[in-house]
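Colleague: The file below is input.pdb, PDB, C-alpha atoms:
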```
ATOM      1  CA  MET Y   1     -26.998  -6.604   5.990
ATOM      2  CA  ARG Y   2     -25.830  -3.028   6.394
ATOM      3  CA  ILE Y   3     -23.500  -0.771   4.442
ATOM      4  CA  GLU Y   4     -21.296   1.792   6.151
ATOM      5  CA  SER Y   5     -18.150   3.838   5.671
ATOM      6  CA  LEU Y   6     -14.935   2.218   6.862
ATOM      7  CA  TYR Y   7     -12.450   3.875   9.189
ATOM      8  CA  THR Y   8      -9.257   3.018  11.090
ATOM      9  CA  PRO Y   9     -11.019   0.644  13.533
ATOM     10  CA  HIS Y  10     -12.085  -1.515  10.554
ATOM     11  CA  LYS Y  11      -8.551  -2.032   9.208
ATOM     12  CA  ALA Y  12      -7.934  -5.282  11.093
ATOM     13  CA  ALA Y  13     -11.135  -6.784   9.671
ATOM     14  CA  MET Y  14     -10.188  -5.572   6.185
ATOM     15  CA  ARG Y  15      -6.744  -7.192   6.470
ATOM     16  CA  ALA Y  16      -8.292 -10.432   7.745
ATOM     17  CA  LEU Y  17     -10.736 -10.479   4.834
ATOM     18  CA  VAL Y  18      -7.923 -10.017   2.297
ATOM     19  CA  GLU Y  19      -5.912 -12.752   4.025
ATOM     20  CA  ALA Y  20      -8.909 -15.115   3.779
ATOM     21  CA  ILE Y  21      -9.038 -14.451   0.026
ATOM     22  CA  HIS Y  22      -5.291 -15.113  -0.261
ATOM     23  CA  GLN Y  23      -5.699 -18.401   1.588
ATOM     24  CA  GLN Y  24      -8.573 -19.432  -0.681
ATOM     25  CA  THR Y  25      -6.917 -18.450  -3.971
ATOM     26  CA  GLY Y  26      -3.334 -19.348  -3.163
ATOM     27  CA  MET Y  27      -2.357 -15.711  -3.793
ATOM     28  CA  LEU Y  28      -3.110 -15.804  -7.502
ATOM     29  CA  PRO Y  29      -2.354 -12.569  -9.399
ATOM     30  CA  GLN Y  30      -6.095 -12.029 -10.001
ATOM     31  CA  PHE Y  31      -6.293 -10.904  -6.409
ATOM     32  CA  TYR Y  32      -3.031 -10.445  -4.600
ATOM     33  CA  TRP Y  33      -2.383  -7.538  -2.285
ATOM     34  CA  PRO Y  34       0.929  -7.752  -0.384
ATOM     35  CA  ALA Y  35       0.652  -6.428   3.180
ATOM     36  CA  ASP Y  36       2.677  -3.280   2.450
ATOM     37  CA  MET Y  37       0.611  -2.362  -0.625
ATOM     38  CA  LEU Y  38      -2.638  -3.083   1.205
ATOM     39  CA  GLY Y  39      -1.540  -0.934   4.151
ATOM     40  CA  ALA Y  40      -0.638   1.953   1.863
ATOM     41  CA  GLU Y  41      -3.955   1.670   0.021
ATOM     42  CA  MET Y  42      -5.956   1.581   3.247
ATOM     43  CA  ALA Y  43      -4.044   4.647   4.483
ATOM     44  CA  THR Y  44      -4.832   6.759   1.415
ATOM     45  CA  ALA Y  45      -8.180   5.507   0.088
ATOM     46  CA  GLU Y  46     -11.719   5.859   1.369
ATOM     47  CA  GLY Y  47     -13.706   2.717   2.039
ATOM     48  CA  VAL Y  48     -17.207   1.390   2.300
ATOM     49  CA  GLY Y  49     -18.103  -2.025   3.650
ATOM     50  CA  ILE Y  50     -21.001  -4.415   3.803
ATOM     51  CA  PHE Y  51     -21.640  -6.238   7.063
ATOM     52  CA  GLU Y  52     -23.643  -9.283   8.056
ATOM     53  CA  GLY Y  53     -24.225  -8.787  11.728
ATOM     54  CA  GLU Y  54     -20.897  -7.540  13.033
ATOM     55  CA  GLU Y  55     -18.809  -9.373  10.425
ATOM     56  CA  LEU Y  56     -17.277  -7.500   7.483
ATOM     57  CA  ALA Y  57     -18.444  -9.484   4.450
ATOM     58  CA  GLY Y  58     -16.961  -7.264   1.751
ATOM     59  CA  PHE Y  59     -15.550  -3.848   1.044
ATOM     60  CA  VAL Y  60     -14.573  -1.394  -1.662
ATOM     61  CA  LEU Y  61     -11.678   1.062  -1.497
ATOM     62  CA  TYR Y  62     -11.814   4.134  -3.723
ATOM     63  CA  ARG Y  63     -10.297   7.548  -4.209
ATOM     64  CA  GLU Y  64     -11.190  10.798  -5.893
ATOM     65  CA  VAL Y  65      -9.294  11.544  -9.101
ATOM     66  CA  PRO Y  66      -9.951  14.452 -11.470
ATOM     67  CA  GLY Y  67     -13.460  13.961 -12.841
ATOM     68  CA  ALA Y  68     -14.016  10.479 -11.386
ATOM     69  CA  TRP Y  69     -13.944   8.096  -8.450
ATOM     70  CA  GLU Y  70     -11.383   5.340  -8.941
ATOM     71  CA  ILE Y  71     -12.192   2.016  -7.283
ATOM     72  CA  SER Y  72      -8.889   0.424  -6.323
ATOM     73  CA  LEU Y  73      -9.939  -2.685  -4.413
ATOM     74  CA  VAL Y  74     -13.073  -4.822  -4.387
ATOM     75  CA  ALA Y  75     -13.048  -7.721  -1.925
ATOM     76  CA  THR Y  76     -15.611 -10.235  -0.672
ATOM     77  CA  HIS Y  77     -14.826 -12.718   2.090
ATOM     78  CA  PRO Y  78     -14.912 -16.270   0.660
ATOM     79  CA  SER Y  79     -17.666 -17.221   3.133
ATOM     80  CA  PHE Y  80     -19.940 -14.558   1.658
ATOM     81  CA  GLN Y  81     -19.261 -14.936  -2.081
ATOM     82  CA  ARG Y  82     -22.042 -15.619  -4.583
ATOM     83  CA  ARG Y  83     -24.713 -14.066  -2.353
ATOM     84  CA  GLY Y  84     -25.169 -10.727  -4.118
ATOM     85  CA  LEU Y  85     -23.496  -8.676  -1.406
ATOM     86  CA  MET Y  86     -20.926  -7.061  -3.708
ATOM     87  CA  GLU Y  87     -23.684  -6.225  -6.166
ATOM     88  CA  SER Y  88     -25.498  -4.393  -3.349
ATOM     89  CA  LEU Y  89     -22.320  -2.636  -2.281
ATOM     90  CA  ILE Y  90     -21.420  -1.444  -5.787
ATOM     91  CA  LYS Y  91     -25.011  -0.307  -6.387
ATOM     92  CA  HIS Y  92     -24.609   1.745  -3.203
ATOM     93  CA  MET Y  93     -21.361   3.219  -4.571
ATOM     94  CA  ILE Y  94     -23.058   4.118  -7.861
ATOM     95  CA  ALA Y  95     -25.944   5.806  -6.042
ATOM     96  CA  ALA Y  96     -23.690   7.645  -3.589
ATOM     97  CA  LYS Y  97     -20.814   8.637  -5.855
ATOM     98  CA  GLY Y  98     -21.819   8.091  -9.481
ATOM     99  CA  HIS Y  99     -24.321  10.915  -9.860
ATOM    100  CA  ASP Y 100     -21.749  13.661 -10.372
ATOM    101  CA  ARG Y 101     -18.799  11.799 -11.912
ATOM    102  CA  GLU Y 102     -17.767   8.473 -13.370
ATOM    103  CA  LEU Y 103     -16.634   5.446 -11.392
ATOM    104  CA  TRP Y 104     -13.510   3.699 -12.721
ATOM    105  CA  LEU Y 105     -12.078   0.292 -11.945
ATOM    106  CA  GLU Y 106      -9.868  -2.389 -13.443
ATOM    107  CA  VAL Y 107     -10.161  -6.161 -13.374
ATOM    108  CA  HIS Y 108      -7.915  -9.108 -14.272
ATOM    109  CA  GLU Y 109      -8.853 -10.440 -17.709
ATOM    110  CA  SER Y 110      -9.552 -13.927 -16.304
ATOM    111  CA  ASN Y 111     -12.010 -12.680 -13.656
ATOM    112  CA  GLU Y 112     -15.112 -13.266 -15.758
ATOM    113  CA  SER Y 113     -17.547 -13.262 -12.833
ATOM    114  CA  ALA Y 114     -16.438  -9.759 -11.827
ATOM    115  CA  GLN Y 115     -16.642  -8.566 -15.438
ATOM    116  CA  LYS Y 116     -20.228  -9.868 -15.690
ATOM    117  CA  LEU Y 117     -21.165  -8.148 -12.446
ATOM    118  CA  TYR Y 118     -19.686  -4.816 -13.500
ATOM    119  CA  GLU Y 119     -21.394  -4.983 -16.897
ATOM    120  CA  LYS Y 120     -24.707  -5.889 -15.250
ATOM    121  CA  LEU Y 121     -24.356  -2.769 -13.100
ATOM    122  CA  GLY Y 122     -23.781  -0.493 -16.102
ATOM    123  CA  PHE Y 123     -19.988  -0.408 -16.333
ATOM    124  CA  LYS Y 124     -18.552  -0.337 -19.843
ATOM    125  CA  LEU Y 125     -15.205  -1.683 -21.011
ATOM    126  CA  THR Y 126     -13.147   1.391 -21.900
ATOM    127  CA  GLY Y 127      -9.600   0.141 -22.278
ATOM    128  CA  ARG Y 128      -6.906  -2.418 -21.563
ATOM    129  CA  ARG Y 129      -3.523  -2.430 -19.874
ATOM    130  CA  PRO Y 130      -1.528  -5.274 -21.440
ATOM    131  CA  ARG Y 131       0.808  -7.232 -19.174
ATOM    132  CA  TYR Y 132      -0.379  -5.242 -16.159
ATOM    133  CA  TYR Y 133      -0.411  -8.100 -13.656
ATOM    134  CA  LYS Y 134       2.563 -10.125 -12.419
ATOM    135  CA  ASP Y 135       1.380 -13.144 -14.407
ATOM    136  CA  GLY Y 136       1.513 -11.086 -17.616
ATOM    137  CA  ALA Y 137      -2.262 -10.784 -17.874
ATOM    138  CA  THR Y 138      -4.132  -7.748 -19.110
ATOM    139  CA  ALA Y 139      -6.105  -5.417 -16.849
ATOM    140  CA  LEU Y 140      -9.507  -4.534 -18.287
ATOM    141  CA  LEU Y 141     -10.557  -0.961 -17.587
ATOM    142  CA  TYR Y 142     -14.207  -0.220 -16.868
ATOM    143  CA  SER Y 143     -16.141   2.970 -16.244
ATOM    144  CA  CYS Y 144     -19.681   3.679 -15.175
ATOM    145  CA  PRO Y 145     -21.094   6.974 -16.384
TER     146      PRO Y 145
END
```
Could you rewrite the structure in this file as structure tokens?

Modeller:
Amino acid sequence: MRIESLYTPHKAAMRALVEAIHQQTGMLPQFYWPADMLGAEMATAEGVGIFEGEELAGFVLYREVPGAWEISLVATHPSFQRRGLMESLIKHMIAAKGHDRELWLEVHESNESAQKLYEKLGFKLTGRRPRYYKDGATALLYSCP
């Protein structure tokens, strides 16, 4: 397992990973990134990925906002879920970026496994965005001091 910054050459692997999640979940609103939105996010955000061998197992996209780092996308390939890789990747983000400012993220209210992970890593629930997702669900806002 290795963690490294993601650049343009990684975009195809990032798209393939997101597509694998869409195929597994049936494009549920908890994790749905249309190709145009994903392309725009990859063009403007920074990324860090976790690899097993040469395969991208998961990644995080984030951007700098005033006083914080906002995490916009957290994705783990279905073949690598439930193995602690995202926990390692977010711990890396906290160590690399969280020392001088907060980390922010949002999660679908039904994604309890992600909520538990974020809370385990020190994130605190700080707010809600009602009816944020296409299915009418609330986005839960988390920050890590």

Colleague: Between atom CA of Y:Gly47 and atom CA of Y:Arg128, measure the distance and give it in Å to one decimal.

Modeller: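 Distance between the two atoms: 25.1 Å.
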
Colleague: List the residues matched by the PyMOL selection byres ((chain Y and resi 89) around 10) in the displayed structure as a PyMOL selection string, ordered by chain and then by residue number.

Modeller: chain Y and resi 2-4+48-50+58-60+74+84-88+90-95

Colleague: Starting from the displayed file, determine the output of the PyMOL selection byres ((chain Y and resi 61) around 6) and express the residue list as a list of chain:residue names.

Modeller: Y:Ala45, Y:Glu46, Y:Gly47, Y:Val60, Y:Tyr62, Y:Ile71, Y:Ser72, Y:Leu73

Colleague: Given only C-alpha atoms as the basis, pick out the residue of Y:Leu6, Y:Val18, Y:Leu141, Y:Ala13 nearest to Y:Glu109.

Modeller: Y:Leu141

Colleague: Step by step, work through what the PyMOL selection byres ((chain Y and resi 98) around 12) selects in the shown file, and finish by giving those residues as a list in words.

Modeller: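 Selected by the PyMOL selection byres ((chain Y and resi 98) around 12) in this file: Glu64, Gly67, Ala68, Trp69, Glu70, Ile71, Ile90, Lys91, His92, Met93, Ile94, Ala95, Ala96, Lys97, His99, Asp100, Arg101, Glu102, Leu103, Trp104, Leu121, Gly122, Phe123, Ser143, Cys144 and Pro145 of chain Y.
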
Colleague: Between Y:Asp135, Y:Ser79, Y:Leu140, Y:Pro66, which one has atoms that come closest to Y:His108, using only C-alpha atoms?

Modeller: Y:Leu140

Colleague: Go ahead and compute the interatomic distance for atom CA of Y:Gly136 and atom CA of Y:Arg82, in Å to one decimal.

Modeller: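 The value is 27.3 Å.
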
Colleague: Which is closest to Y:Met1 among Y:Ala20, Y:Ala114, Y:Ala40, Y:Ala57, if we use only C-alpha atoms?

Modeller: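 Distance minimum relative to Y:Met1 lands on Y:Ala57.
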
Colleague: Show which residues sit within 12 Å of Y:Ala12, as a list in words. Count only C-alpha atoms, and ignore same-chain residues fewer than 4 positions away.

Modeller: Leu6, Tyr7, Thr8, Ala16, Leu17, Val18, Glu19, Ala35, Leu38, Gly39, Met42, Glu55 and Leu56 of chain Y

Colleague: Rounded to one decimal in Å, what is the spacing between atom CA of Y:Lys134 and atom CA of Y:His10?

Modeller: 28.6 Å
